[in-house]
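**Student:** input38.tsv is the file, holding TSV, C-alpha atoms:
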```tsv
chain	number	residue	atom	x	y	z
A	1	MET	CA	28.99	110.42	-183.15
A	2	THR	CA	32.26	109.66	-184.74
A	3	SER	CA	33.66	106.17	-184.24
A	4	ILE	CA	37.39	105.69	-183.95
A	5	LEU	CA	38.67	102.61	-185.74
A	6	PRO	CA	41.57	100.78	-184.12
A	7	SER	CA	44.80	101.24	-186.04
A	8	THR	CA	46.16	98.17	-187.79
A	9	PRO	CA	49.66	97.32	-186.53
A	10	GLU	CA	52.32	97.22	-189.19
A	11	PRO	CA	53.67	93.75	-189.89
A	12	ALA	CA	57.08	92.95	-188.45
A	13	PRO	CA	59.92	93.41	-190.95
A	14	LEU	CA	61.24	90.31	-192.63
A	15	VAL	CA	64.53	89.11	-191.17
A	16	ALA	CA	64.82	85.95	-193.27
A	17	CYS	CA	63.50	84.21	-196.36
A	18	THR	CA	63.50	80.71	-197.71
A	19	ILE	CA	64.43	80.33	-201.37
A	20	SER	CA	63.44	77.12	-203.12
A	21	ARG	CA	61.75	75.57	-206.11
A	22	ASP	CA	58.84	74.56	-203.85
A	23	VAL	CA	59.11	75.18	-200.11
A	24	GLN	CA	56.35	72.61	-199.47
A	25	GLU	CA	58.95	69.95	-200.30
A	26	PHE	CA	60.82	71.04	-197.17
A	27	ASP	CA	58.12	70.89	-194.51
A	28	LEU	CA	60.65	70.50	-191.67
A	29	LEU	CA	62.30	73.72	-192.77
A	30	ILE	CA	58.95	75.51	-192.58
A	31	GLU	CA	58.42	74.24	-189.04
A	32	ASP	CA	61.88	75.33	-187.91
A	33	MET	CA	61.59	78.78	-189.51
A	34	GLU	CA	58.25	79.34	-187.77
A	35	ALA	CA	59.64	78.12	-184.45
A	36	VAL	CA	62.68	80.39	-184.66
A	37	LEU	CA	61.30	83.50	-186.37
A	38	GLY	CA	57.53	83.39	-185.96
A	39	GLU	CA	56.04	85.45	-188.79
A	40	ALA	CA	59.19	87.45	-189.54
A	41	TRP	CA	60.12	85.37	-192.57
A	42	GLY	CA	58.92	84.89	-196.12
A	43	ASP	CA	59.30	82.52	-199.04
A	44	LEU	CA	60.76	83.18	-202.47
A	45	GLY	CA	61.22	81.23	-205.67
A	46	PHE	CA	64.55	81.04	-207.46
A	47	ASP	CA	63.52	83.42	-210.24
A	48	GLU	CA	62.25	86.24	-208.00
A	49	SER	CA	64.89	86.18	-205.29
A	50	ILE	CA	67.61	88.33	-206.89
A	51	HIS	CA	65.12	91.10	-207.74
A	52	PHE	CA	63.69	91.00	-204.20
A	53	PHE	CA	67.08	91.73	-202.60
A	54	SER	CA	67.05	95.27	-204.00
A	55	GLN	CA	63.52	96.08	-202.77
A	56	SER	CA	62.67	97.96	-199.58
A	57	ASP	CA	61.11	94.85	-198.01
A	58	ALA	CA	64.57	93.26	-197.97
A	59	GLU	CA	66.24	96.05	-196.00
A	60	HIS	CA	66.15	94.11	-192.73
A	61	LEU	CA	67.02	90.67	-194.10
A	62	GLU	CA	69.64	88.93	-191.98
A	63	PHE	CA	69.83	85.70	-193.95
A	64	VAL	CA	68.23	83.53	-196.60
A	65	ALA	CA	67.87	79.74	-196.43
A	66	ILE	CA	68.35	78.27	-199.91
A	67	ALA	CA	66.72	74.81	-199.96
A	68	ILE	CA	67.71	72.48	-202.80
A	69	ASP	CA	67.47	68.82	-203.71
A	70	ALA	CA	68.69	66.57	-206.53
A	71	GLU	CA	66.31	68.16	-209.06
A	72	ASP	CA	68.00	71.55	-208.62
A	73	GLU	CA	71.54	70.45	-209.44
A	74	HIS	CA	71.19	71.28	-213.14
A	75	ASP	CA	70.61	74.91	-212.11
A	76	VAL	CA	73.79	75.27	-210.08
A	77	GLU	CA	74.95	78.40	-211.94
A	78	ASN	CA	71.67	80.18	-211.18
A	79	LEU	CA	72.01	79.15	-207.54
A	80	SER	CA	75.53	80.57	-207.51
A	81	SER	CA	74.13	83.86	-208.83
A	82	ILE	CA	71.57	83.97	-206.02
A	83	ILE	CA	74.29	83.43	-203.42
A	84	ALA	CA	76.44	86.15	-204.98
A	85	ALA	CA	73.51	88.57	-205.07
A	86	ALA	CA	72.69	87.90	-201.42
A	87	LYS	CA	76.30	88.45	-200.36
A	88	SER	CA	76.45	91.71	-202.33
A	89	HIS	CA	73.57	92.97	-200.16
A	90	ASN	CA	75.29	91.75	-196.94
A	91	ILE	CA	72.74	88.98	-196.50
A	92	LYS	CA	73.96	85.72	-194.94
A	93	VAL	CA	73.26	82.43	-196.73
A	94	VAL	CA	72.32	79.09	-195.19
A	95	LEU	CA	72.36	76.17	-197.62
A	96	ILE	CA	69.76	73.45	-196.95
A	97	ALA	CA	70.55	70.42	-199.14
A	98	HIS	CA	68.87	67.05	-199.63
A	99	ASP	CA	70.39	64.32	-201.84
A	100	VAL	CA	72.78	66.74	-203.54
A	101	THR	CA	76.07	65.42	-204.91
A	102	PRO	CA	79.22	66.46	-203.02
A	103	ALA	CA	80.60	68.20	-206.12
A	104	ALA	CA	77.57	70.49	-206.49
A	105	LEU	CA	77.43	71.14	-202.77
A	106	HIS	CA	81.12	71.98	-202.57
A	107	HIS	CA	80.77	74.36	-205.53
A	108	LEU	CA	77.93	76.27	-203.84
A	109	LEU	CA	79.75	76.44	-200.53
A	110	ARG	CA	82.77	77.90	-202.30
A	111	GLN	CA	80.53	80.59	-203.82
A	112	GLY	CA	80.09	82.08	-200.37
A	113	ALA	CA	77.38	80.23	-198.44
A	114	ASP	CA	77.94	80.92	-194.74
A	115	GLU	CA	76.41	77.74	-193.31
A	116	PHE	CA	75.33	74.29	-194.49
A	117	VAL	CA	72.59	72.19	-192.89
A	118	PRO	CA	71.61	68.78	-194.29
A	119	TYR	CA	67.97	67.90	-194.88
A	120	PRO	CA	66.08	66.38	-193.07
A	121	LEU	CA	67.15	69.01	-190.55
A	122	PRO	CA	68.85	67.65	-187.42
A	123	GLU	CA	67.11	68.88	-184.27
A	124	GLY	CA	68.28	72.34	-183.27
A	125	GLU	CA	70.75	72.64	-186.16
A	126	LEU	CA	69.03	75.56	-187.90
A	127	ILE	CA	69.00	77.73	-184.78
A	128	SER	CA	72.65	76.79	-184.16
A	129	ALA	CA	73.57	77.93	-187.67
A	130	ILE	CA	71.71	81.21	-187.17
A	131	GLU	CA	73.46	81.82	-183.85
A	132	ARG	CA	76.87	81.15	-185.41
A	133	MET	CA	76.20	83.66	-188.18
A	134	ARG	CA	75.03	86.30	-185.71
A	135	ALA	CA	78.04	85.67	-183.49
A	136	ALA	CA	80.36	86.07	-186.48
A	137	ASP	CA	78.89	89.52	-187.16
A	138	GLN	CA	79.64	90.60	-183.58
A	139	LYS	CA	83.33	89.64	-183.68
A	140	PRO	CA	85.76	92.59	-183.86
A	141	ALA	CA	87.49	92.92	-187.21
A	142	SER	CA	90.91	93.25	-185.63
A	143	SER	CA	92.61	93.69	-182.28
A	144	ALA	CA	96.00	94.67	-180.96
A	145	GLY	CA	98.74	92.13	-181.47
A	146	VAL	CA	96.85	90.29	-184.21
A	147	ASP	CA	97.95	90.35	-187.83
A	148	ALA	CA	95.65	90.80	-190.84
A	149	ASN	CA	94.78	87.10	-190.86
A	150	GLY	CA	93.76	87.06	-187.21
A	151	VAL	CA	96.76	84.90	-186.25
A	152	LYS	CA	98.32	85.80	-182.93
A	153	LEU	CA	101.69	84.23	-182.20
A	154	SER	CA	103.65	83.92	-178.99
A	155	HIS	CA	106.96	82.34	-178.03
A	156	ASP	CA	105.84	80.00	-175.27
A	157	GLY	CA	104.74	76.93	-177.21
A	158	ASP	CA	105.63	73.49	-175.93
A	159	GLY	CA	106.40	72.32	-179.43
A	160	VAL	CA	105.07	68.76	-179.50
A	161	ILE	CA	105.47	67.68	-183.14
A	162	ILE	CA	103.14	64.93	-184.36
A	163	ALA	CA	103.77	63.62	-187.88
A	164	VAL	CA	101.31	61.54	-189.92
A	165	GLN	CA	102.53	59.41	-192.86
A	166	GLY	CA	100.27	57.33	-195.08
A	167	MET	CA	101.68	53.97	-196.16
A	168	ALA	CA	99.49	53.89	-199.29
A	169	GLY	CA	97.36	56.29	-201.27
A	170	GLY	CA	93.83	56.70	-199.96
A	171	CYS	CA	94.50	55.11	-196.59
A	172	GLY	CA	93.11	58.12	-194.75
A	173	ALA	CA	96.29	59.82	-193.52
A	174	SER	CA	95.17	63.40	-194.27
A	175	THR	CA	91.73	62.71	-192.80
A	176	PHE	CA	93.39	61.37	-189.65
A	177	ALA	CA	95.82	64.30	-189.40
A	178	THR	CA	93.14	66.95	-189.95
A	179	ASN	CA	90.71	65.48	-187.43
A	180	LEU	CA	93.46	64.84	-184.88
A	181	ALA	CA	94.53	68.49	-185.12
A	182	TRP	CA	90.94	69.65	-184.61
A	183	GLU	CA	90.37	67.32	-181.64
A	184	LEU	CA	93.59	68.57	-180.03
A	185	ALA	CA	92.50	72.19	-180.56
A	186	THR	CA	89.15	71.50	-178.85
A	187	VAL	CA	90.26	68.93	-176.26
A	188	SER	CA	89.84	71.30	-173.31
A	189	LYS	CA	87.23	73.99	-172.76
A	190	ASP	CA	89.09	75.66	-169.90
A	191	LYS	CA	92.54	76.04	-171.43
A	192	PRO	CA	92.72	74.52	-174.90
A	193	PRO	CA	96.19	74.04	-176.36
A	194	ARG	CA	97.34	76.09	-179.32
A	195	VAL	CA	97.45	73.82	-182.34
A	196	CYS	CA	98.82	74.23	-185.84
A	197	ILE	CA	98.63	71.77	-188.73
A	198	LEU	CA	101.32	71.90	-191.42
A	199	ASP	CA	100.30	70.40	-194.76
A	200	LEU	CA	103.61	69.27	-196.24
A	201	GLY	CA	101.88	67.37	-199.03
A	202	LEU	CA	103.17	70.24	-201.14
A	203	GLN	CA	101.64	69.09	-204.41
A	204	PHE	CA	98.33	67.40	-203.59
A	205	GLY	CA	97.80	68.25	-199.91
A	206	ALA	CA	94.11	68.08	-198.95
A	207	VAL	CA	94.00	69.79	-195.56
A	208	SER	CA	92.73	73.07	-197.02
A	209	THR	CA	89.93	71.17	-198.75
A	210	TYR	CA	88.96	69.20	-195.66
A	211	LEU	CA	88.72	72.44	-193.65
A	212	ASP	CA	87.47	74.62	-196.52
A	213	VAL	CA	90.12	77.29	-196.00
A	214	PRO	CA	91.88	79.25	-198.76
A	215	ARG	CA	95.41	78.48	-199.94
A	216	ARG	CA	97.40	81.66	-199.38
A	217	GLU	CA	99.89	82.93	-201.93
A	218	ALA	CA	102.16	83.67	-198.97
A	219	VAL	CA	102.76	79.92	-198.56
A	220	LEU	CA	104.55	79.55	-201.89
A	221	GLU	CA	106.42	82.81	-201.35
A	222	LEU	CA	107.63	81.49	-198.01
A	223	LEU	CA	108.67	78.10	-199.39
A	224	THR	CA	110.70	79.71	-202.19
A	225	ASP	CA	112.52	82.03	-199.79
A	226	MET	CA	112.90	80.16	-196.53
A	227	GLU	CA	115.89	82.30	-195.54
A	228	ALA	CA	113.43	85.13	-194.98
A	229	LEU	CA	111.26	83.02	-192.68
A	230	ASP	CA	110.46	84.89	-189.48
A	231	ASP	CA	107.50	85.20	-187.14
A	232	ASP	CA	105.72	87.76	-189.31
A	233	SER	CA	106.05	85.83	-192.59
A	234	PHE	CA	105.00	82.61	-190.86
A	235	ALA	CA	101.91	84.31	-189.41
A	236	GLN	CA	100.99	85.70	-192.83
A	237	ALA	CA	101.05	82.19	-194.29
A	238	LEU	CA	98.66	80.77	-191.68
A	239	VAL	CA	94.89	80.57	-192.00
A	240	THR	CA	92.62	80.41	-188.96
A	241	PHE	CA	89.88	77.78	-188.83
A	242	GLU	CA	86.97	78.43	-186.44
A	243	ASP	CA	89.21	80.63	-184.25
A	244	LYS	CA	90.76	77.49	-182.77
A	245	LEU	CA	93.12	75.90	-185.30
A	246	GLN	CA	95.90	77.45	-187.37
A	247	VAL	CA	96.51	75.94	-190.80
A	248	PHE	CA	99.61	76.08	-192.98
A	249	THR	CA	98.13	74.88	-196.26
A	250	SER	CA	99.86	73.40	-199.26
A	251	PRO	CA	100.50	75.96	-202.04
A	252	ALA	CA	97.87	76.89	-204.60
A	253	ASP	CA	100.25	75.80	-207.39
A	254	LEU	CA	102.12	72.51	-207.81
A	255	PRO	CA	105.75	73.03	-206.74
A	256	PRO	CA	108.39	70.29	-206.99
A	257	LEU	CA	108.82	68.24	-203.83
A	258	ASP	CA	112.45	69.35	-203.58
A	259	ILE	CA	111.48	73.04	-203.41
A	260	ILE	CA	112.61	72.82	-199.79
A	261	GLY	CA	115.41	70.82	-198.20
A	262	GLN	CA	116.26	69.49	-194.78
A	263	ALA	CA	117.46	72.79	-193.35
A	264	GLU	CA	114.36	74.63	-194.55
A	265	VAL	CA	111.99	72.03	-193.10
A	266	GLN	CA	113.85	72.07	-189.78
A	267	LYS	CA	113.52	75.85	-189.67
A	268	LEU	CA	109.79	75.62	-190.39
A	269	LEU	CA	109.29	73.02	-187.65
A	270	ASP	CA	111.33	75.05	-185.17
A	271	THR	CA	109.31	78.17	-185.92
A	272	ALA	CA	105.98	76.37	-185.55
A	273	SER	CA	107.01	74.63	-182.33
A	274	ARG	CA	108.01	77.95	-180.75
A	275	HIS	CA	104.48	79.27	-181.10
A	276	PHE	CA	102.23	76.24	-180.63
A	277	ASP	CA	101.66	73.51	-178.08
A	278	PHE	CA	101.00	70.90	-180.77
A	279	VAL	CA	102.19	70.90	-184.38
A	280	VAL	CA	100.55	68.24	-186.56
A	281	VAL	CA	102.47	67.55	-189.76
A	282	ASP	CA	100.63	65.91	-192.66
A	283	MET	CA	103.41	64.24	-194.65
A	284	PRO	CA	103.38	63.55	-198.41
A	285	PRO	CA	102.90	59.92	-199.49
A	286	SER	CA	106.34	59.98	-201.10
A	287	LEU	CA	109.64	59.76	-199.24
A	288	VAL	CA	111.75	62.85	-199.85
A	289	GLN	CA	115.09	64.06	-198.59
A	290	TRP	CA	113.55	65.93	-195.67
A	291	SER	CA	111.40	63.00	-194.50
A	292	GLU	CA	114.36	62.08	-192.30
A	293	THR	CA	114.26	65.56	-190.76
A	294	VAL	CA	110.62	65.20	-189.72
A	295	LEU	CA	111.20	61.64	-188.47
A	296	TYR	CA	113.88	62.83	-186.06
A	297	ALA	CA	112.08	66.04	-185.05
A	298	ALA	CA	108.69	64.47	-184.29
A	299	GLN	CA	107.92	63.30	-180.78
A	300	VAL	CA	105.18	61.09	-182.25
A	301	TYR	CA	105.25	59.67	-185.79
A	302	PHE	CA	102.08	57.89	-186.92
A	303	GLY	CA	102.12	55.48	-189.87
A	304	ILE	CA	98.62	54.97	-191.29
A	305	ILE	CA	97.97	51.55	-192.83
A	306	GLU	CA	95.04	49.50	-194.02
A	307	LEU	CA	94.50	45.78	-193.92
A	308	ASP	CA	95.52	45.23	-197.54
A	309	MET	CA	98.50	44.12	-199.59
A	310	ARG	CA	99.44	47.67	-200.65
A	311	SER	CA	99.98	48.79	-197.08
A	312	ALA	CA	101.85	45.60	-196.19
A	313	GLN	CA	104.25	45.82	-199.14
A	314	ASN	CA	104.88	49.55	-198.73
A	315	THR	CA	105.49	49.14	-195.01
A	316	PHE	CA	108.03	46.40	-195.74
A	317	ARG	CA	109.79	48.60	-198.31
A	318	LEU	CA	109.83	51.57	-195.92
A	319	LYS	CA	111.21	49.41	-193.13
A	320	ARG	CA	113.99	48.10	-195.36
A	321	ALA	CA	114.86	51.61	-196.62
A	322	LEU	CA	115.02	53.18	-193.15
A	323	GLN	CA	116.98	50.34	-191.59
A	324	SER	CA	119.51	50.35	-194.44
A	325	GLU	CA	120.19	54.02	-193.62
A	326	GLU	CA	120.19	53.29	-189.87
A	327	LEU	CA	117.17	55.54	-189.38
A	328	PRO	CA	114.75	54.92	-186.45
A	329	PHE	CA	112.02	52.82	-188.07
A	330	GLU	CA	110.93	51.69	-184.61
A	331	LYS	CA	109.83	55.28	-183.89
A	332	ILE	CA	106.85	54.86	-186.23
A	333	ARG	CA	103.63	54.09	-184.36
A	334	PHE	CA	101.31	52.23	-186.70
A	335	VAL	CA	97.62	53.06	-186.91
A	336	LEU	CA	95.22	50.66	-188.64
A	337	ASN	CA	92.49	52.59	-190.43
A	338	ARG	CA	89.16	50.92	-191.24
A	339	ALA	CA	90.03	48.25	-188.67
A	340	PRO	CA	88.00	45.02	-188.55
A	341	LYS	CA	85.10	45.01	-186.12
A	342	PHE	CA	85.17	43.05	-182.89
A	343	THR	CA	83.21	40.19	-184.41
A	344	ASP	CA	85.32	40.03	-187.60
A	345	LEU	CA	87.49	37.08	-186.66
A	346	GLN	CA	88.83	36.65	-190.19
A	347	GLY	CA	89.96	40.28	-190.28
A	348	LYS	CA	91.64	39.97	-186.90
A	349	SER	CA	93.46	36.86	-188.10
A	350	ARG	CA	94.73	38.74	-191.18
A	351	LEU	CA	95.94	41.58	-188.97
A	352	LYS	CA	97.83	39.15	-186.76
A	353	ARG	CA	99.56	37.61	-189.78
A	354	MET	CA	100.47	41.08	-191.11
A	355	GLN	CA	102.07	42.08	-187.83
A	356	GLU	CA	104.01	38.84	-187.59
A	357	SER	CA	105.30	38.93	-191.18
A	358	LEU	CA	106.34	42.61	-190.97
A	359	GLU	CA	107.52	42.34	-187.37
A	360	ILE	CA	105.59	45.46	-186.37
A	361	SER	CA	103.02	46.27	-183.71
A	362	VAL	CA	99.74	47.94	-184.63
A	363	ASP	CA	98.67	49.63	-181.41
A	364	LEU	CA	95.89	51.91	-182.63
A	365	HIS	CA	92.79	50.62	-184.41
A	366	MET	CA	90.55	53.20	-186.06
A	367	PRO	CA	87.06	52.01	-187.07
A	368	ASP	CA	85.54	52.64	-190.48
A	369	GLY	CA	83.78	55.99	-190.28
A	370	GLY	CA	81.65	55.15	-193.30
A	371	ARG	CA	80.08	57.63	-195.68
A	372	ALA	CA	80.10	60.37	-193.03
A	373	VAL	CA	83.88	60.76	-193.41
A	374	ALA	CA	83.65	61.65	-197.11
A	375	GLU	CA	80.66	63.92	-196.48
A	376	ALA	CA	82.51	65.82	-193.76
A	377	GLY	CA	85.47	66.31	-196.09
A	378	ASP	CA	83.22	67.54	-198.89
A	379	HIS	CA	81.54	70.00	-196.52
A	380	GLY	CA	84.89	71.32	-195.28
A	381	GLN	CA	84.35	70.41	-191.63
A	382	PRO	CA	86.03	68.01	-189.20
A	383	LEU	CA	84.03	65.03	-188.01
A	384	GLY	CA	83.79	66.63	-184.58
A	385	MET	CA	81.64	69.40	-186.08
A	386	GLN	CA	79.83	67.44	-188.78
A	387	GLN	CA	79.32	64.01	-187.17
A	388	PRO	CA	80.35	64.16	-183.47
A	389	LYS	CA	78.89	60.72	-182.70
A	390	ASN	CA	80.74	58.99	-185.52
A	391	ALA	CA	82.77	55.99	-184.34
A	392	LEU	CA	85.98	57.18	-186.03
A	393	ARG	CA	85.62	60.63	-184.53
A	394	LYS	CA	85.25	59.18	-181.04
A	395	GLU	CA	88.47	57.16	-181.37
A	396	ILE	CA	90.44	60.14	-182.68
A	397	ALA	CA	89.05	62.24	-179.81
A	398	LYS	CA	90.26	59.61	-177.31
A	399	LEU	CA	93.71	59.68	-178.88
A	400	ALA	CA	93.80	63.48	-178.72
A	401	GLN	CA	92.80	63.38	-175.06
A	402	SER	CA	95.59	60.93	-174.25
A	403	LEU	CA	98.17	63.03	-176.12
A	404	PHE	CA	96.97	66.14	-174.31
A	405	GLU	CA	97.18	64.45	-170.92
A	406	VAL	CA	100.70	63.20	-171.64
A	407	GLY	CA	101.69	66.72	-172.66
A	408	GLN	CA	100.19	68.13	-169.46
A	409	SER	CA	102.05	65.58	-167.35
A	410	ASP	CA	105.36	66.39	-169.06
A	411	ALA	CA	104.78	70.12	-168.57
A	412	GLU	CA	104.06	69.65	-164.86
A	413	ALA	CA	107.13	67.44	-164.44
A	414	ALA	CA	109.29	70.07	-166.06
```
Using structure tokens, write down the structure that the file contains.
**Tutor:**
Amino acid sequence: MTSILPSTPEPAPLVACTISRDVQEFDLLIEDMEAVLGEAWGDLGFDESIHFFSQSDAEHLEFVAIAIDAEDEHDVENLSSIIAAAKSHNIKVVLIAHDVTPAALHHLLRQGADEFVPYPLPEGELISAIERMRAADQKPASSAGVDANGVKLSHDGDGVIIAVQGMAGGCGASTFATNLAWELATVSKDKPPRVCILDLGLQFGAVSTYLDVPRREAVLELLTDMEALDDDSFAQALVTFEDKLQVFTSPADLPPLDIIGQAEVQKLLDTASRHFDFVVVDMPPSLVQWSETVLYAAQVYFGIIELDMRSAQNTFRLKRALQSEELPFEKIRFVLNRAPKFTDLQGKSRLKRMQESLEISVDLHMPDGGRAVAEAGDHGQPLGMQQPKNALRKEIAKLAQSLFEVGQSDAEAA
């Protein structure tokens, strides 16, 4: 009598792999990979990963999770090679990092990593990263009425211009402008406004860094030939962030601040306001000839200060300069960044003296966002994506909501 042996089922193909020096150092990653993928994942060391990508077992790989800590920073070039090899085989890359310096992390993200998740892993963050990568693969490459950059323009924008000017270097003006633009772009789930941020810090603008978007060559071409500015050239200069925010970055090179004049800036603002509901303008720290143009054009002009002598002296000098030229200094709405806490009576007393001596009113108080603000900037994400519960993010979100509601009220009244 012949016995028939049951056939052994073939193992499921691998759809993901972890790559690390020692995966046992990342036990939470192991748990999440098993919870999400079951047995359809494997583990690789740094040295064997590149060779594995070209083998038949890697044919079905969707992504790899590269897990690193402080000990791996000296090998950043090898890690870059692994990322490049994965991308060459159309394999997505999730970067899992623990105690890695921002410089090393930023370098690896720029090499092409698709997602970043800090370690220890926040609950549900790995599956969210996987879903975002899969959703990105399902998006159509192009559609009718959309240019090569994915920027679709229309002529029915409400054109609310919001300018942000820092009173001293490092006071957080670009951080405020970038996060305000993002909060405006995501303020409503039903009918979000169309938002564009213009980085007019032409030499050292940081918006592209804070959002991790490329600086297009078309920006400098546009700035050097503003007479040719039209809807098409403006669209070509924009970069889309997360399908919700349009970004006009500062140029890749360092042009002189007088590369554009008042007429050119007015034309740029007019073009942006025709296509968007809100236009956030991140101003340079220096006063230039066209600062007056933005001051008059903006419906809201925020002046970012800190509770220090630099901000106080610079605010006094700005006030004197604008008033001597009969320009509307009173239009500036001052925002105190890193404001004293409720229990900081000494800080509140200093703020009161500053307001009295400068004869200004500080209506908006933004709390200190702490280390999370710098980390979000290094990771190229707004606080709303990186640290949604951060105190600074919550205050900026409230401000965005109030600006949106005012805009809605004005539109209904019209």
**Student:** Find the residues around Arg338 of chain A up to 8 Å (all atoms listed in the file counted), leave out those fewer than 2 positions away in its own chain, and share them as a compact mmCIF listing (two decimals) with C-alpha atoms, keeping the file's coordinate frame.
**Tutor:**
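And here's selection-v7.txt as it stands now:
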```txt
# COMPACT_ATOMS: atom_id res chain seq x y z
CA GLU A 306 95.04 49.50 -194.02
CA LEU A 307 94.50 45.78 -193.92
CA LEU A 336 95.22 50.66 -188.64
CA PRO A 340 88.00 45.02 -188.55
CA HIS A 365 92.79 50.62 -184.41
CA MET A 366 90.55 53.20 -186.06
CA PRO A 367 87.06 52.01 -187.07
CA ASP A 368 85.54 52.64 -190.48
CA GLY A 369 83.78 55.99 -190.28
```
**Student:** Can you measure atom CA of Met133 of chain A to atom CA of Val117 of chain A for me? One decimal in Å is fine.
**Tutor:**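 Computing it gives 12.9 Å between the two atoms.
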**Student:** Can you tell me how far atom CA of Lys191 of chain A sits from atom CA of Thr178 of chain A, in Å to one decimal?
**Tutor:**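 Taking atom CA of Lys191 of chain A and atom CA of Thr178 of chain A, their separation equals 20.6 Å.
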**Student:** Quick one: residues within 8 Å of Val294 of chain A, all atoms listed in the file, excluding same-chain residues fewer than 5 positions away - as a PDB file with C-alpha atoms, keeping the file's coordinate frame?
**Tutor:**
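For reference, result-v2.pdb as written:
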```
ATOM      1  CA  ALA A 163     103.770  63.620-187.880  1.00  0.00           C
ATOM      2  CA  VAL A 265     111.990  72.030-193.100  1.00  0.00           C
ATOM      3  CA  GLN A 266     113.850  72.070-189.780  1.00  0.00           C
TER       4      GLN A 266
END
```
**Student:** So that I can check the surroundings of Ile66 of chain A, please list as number ranges by chain every protein, DNA and RNA residue that reaches within 6 Å of it, counting only C-alpha atoms and ignoring chain neighbours fewer than 6 positions away.
**Tutor:** A: 18-20, 95-96
**Student:** Can you tell me, as a CSV table (one decimal) with C-alpha atoms, in the frame of the given file, what residues are no more than 8 Å from segment 385-388 of chain A when counting all atoms listed in the file, ignoring any on the same chain fewer than 6 positions away?
**Tutor:**
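This is the output file result17.csv:
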```csv
chain,number,residue,atom,x,y,z
A,372,ALA,CA,80.1,60.4,-193.0
A,376,ALA,CA,82.5,65.8,-193.8
A,394,LYS,CA,85.2,59.2,-181.0
```
**Student:** Quick one: of A:Ile91, A:Ile161, A:Ala228, A:Ala185, who's nearest to Ala298 of chain A, counting all atoms listed in the file?
**Tutor:**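 Among the listed residues, A:Ile161 lies closest to Ala298 of chain A.
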**Student:** Quick one: residues within 10 Å of Ala129 of chain A, only C-alpha atoms counted, chain neighbours fewer than 3 positions away excluded, as a list in words?
**Tutor:**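 Those residues are Val94, Asp114, Glu115, Phe116, Val117, Gly124, Glu125, Leu126, Arg132, Met133, Arg134 and Ala135 of chain A.
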**Student:** Which is closest to Leu358 of chain A among A:Ala312, A:Ala237, A:Val279, A:Val15, if we use all atoms listed in the file?
**Tutor:**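 Using all atoms listed in the file, Leu358 of chain A sits closest to A:Ala312.
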**Student:** From (72.9, 79.4, -208.2), in the file's coordinates, out to 10 Å: which residues are reached, counting all atoms listed in the file? Answer as an NGL selection string.
**Tutor:** :A and (46 or 66 or 72-85 or 107-108 or 111)
**Student:** Kindly give the distance, in Å, that separates atom CA of Gly303 of chain A and atom CA of Leu322 of chain A, rounded to a single decimal.
**Tutor:** 13.5 Å
